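Everything on this sheet refers to the single structure shown next.
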Amino acid sequence: MEKILVIDDDEAFCRTLSRSLERHMLKAFVAHDAGEALASAKEHEPDKVVLDLRLGDDSGIQLIQPLLKVVPGVQIVVLTGFASLTTAVQAIKLGAINYLAKPVNVQSILKAFEEAPPEERGDDSADFSPTPLKQLEWEHIQRVLEENDGNISSTARQLGMHRRTLQRKLQKRPKLN
């Protein structure tokens, strides 16, 4: 039976996902922070890891290489509620095999372990469509706005744009495909 380690600071999400993974004949273990994750990886030597990009105040990306050192060859899929091209590329470069945006279901996670991202396949897969630039910009603005507790002026300064320009962009939410 394959072993999978779920690393996420959301305990309810971990419980739900681990139960679903066990229904798919995987032995699931959970961890909620970096220290717990590395200890669990050493103890259980999982075949696969589902890693959240944000672990409280820590970054899941910084955990990829230590996990690969503890368990060489482990497959890591990164999950995030704040998807961006930058973090996706960074995660893949550090050794993750795939990157998924939340919300996500167990079938999508299992499929992510089965297929490498298009960059690693070396083809222009017909089923791969990059996130539109306007959508990426919208998500980035929303993330920075959240980091600034909704303060438009601080967000505009951090993004290097005029406050009114930011307000116009916020009024024009892009259509999702």
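Every chain in the structure tokens has a letter given in the order shown (A, B, ...), and although residue numbers restart at 1 in each chain, ligands are simply numbered from 1 in the order shown.
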
Q: Name the residues of chain A that come out as strand (DSSP E or B) in a backbone DSSP run; write them as a ChimeraX atom specification.
A: /A:2-7,26-31,48-52,54-55,58-59,75-80,98-101

(Q) Residues near Gln75 of chain A, anyone? I mean within 9 Å using only C-alpha atoms, not counting same-chain ones fewer than 4 positions away, as number ranges by chain. (A) A: 46-50, 68, 95-98, 113

Hey, what's within 8 Å of Val78 of chain A if we count only C-alpha atoms and toss same-chain stuff fewer than 6 positions away? As a CSV table (one decimal) with N, CA and C atoms, in the first residue's frame, please?
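As a result, result.csv now contains:
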chain,number,residue,atom,x,y,z
A,50,VAL,N,1.3,15.6,-0.4
A,50,VAL,CA,0.4,16.8,-0.8
A,50,VAL,C,0.8,17.9,0.2
A,51,LEU,N,1.3,19.0,-0.4
A,51,LEU,CA,1.9,20.1,0.4
A,51,LEU,C,1.2,21.4,0.1
A,52,ASP,N,0.7,22.0,1.2
A,52,ASP,CA,0.0,23.3,1.0
A,52,ASP,C,1.1,24.4,0.9
A,53,LEU,N,0.8,25.4,0.0
A,53,LEU,CA,1.8,26.4,-0.2
A,53,LEU,C,2.0,27.3,1.1
A,60,GLY,N,5.3,26.6,2.3
A,60,GLY,CA,5.4,25.2,1.9
A,60,GLY,C,6.5,25.0,0.9
A,91,ALA,N,7.9,26.1,-7.4
A,91,ALA,CA,7.7,24.8,-6.8
A,91,ALA,C,8.2,23.7,-7.7
A,96,ALA,N,8.9,19.8,-6.9
A,96,ALA,CA,7.5,19.3,-6.9
A,96,ALA,C,7.2,18.8,-8.3
A,98,ASN,N,4.0,18.6,-9.5
A,98,ASN,CA,2.8,19.3,-10.0
A,98,ASN,C,2.3,20.3,-9.0
A,99,TYR,N,1.4,21.2,-9.4
A,99,TYR,CA,0.9,22.3,-8.7
A,99,TYR,C,-0.5,22.5,-9.0
A,100,LEU,N,-1.4,22.5,-7.9
A,100,LEU,CA,-2.8,22.7,-8.1
A,100,LEU,C,-3.4,23.8,-7.3

Q.
Restricting the calculation to only C-alpha atoms: of A:Ile64, A:Ser154, A:Val6, A:Lys172, which residue gets closest to Ser20 of chain A?
A. A:Val6

Q. As a PyMOL selection string, which residues of segment 64-175 of chain A does DSSP assign to helix (DSSP H, G or I)?
A. chain A and resi 64-70+85-94+106-114+118-121+133-147+152-159+163-171

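Across the structure, atom CA of His32 of chain A and atom CA of Arg143 of chain A are spaced 22.2 Å apart.
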
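The coordinates place atom CA of Ile7 of chain A at 4.8 Å from atom CA of Ala31 of chain A.
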
Q.
Can you tell me which residues surround Thr155 of chain A at a distance of at most 10 Å, considering only C-alpha atoms, apart from same-chain residues fewer than 6 positions away, and format the answer as a count of residues only?
A. 13

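The shortest atom-to-atom distance to Leu136 of chain A, with only C-alpha atoms taken into account, belongs to A:Ala88 out of A:Leu21, A:Ile109, A:Ala88, A:Leu94.
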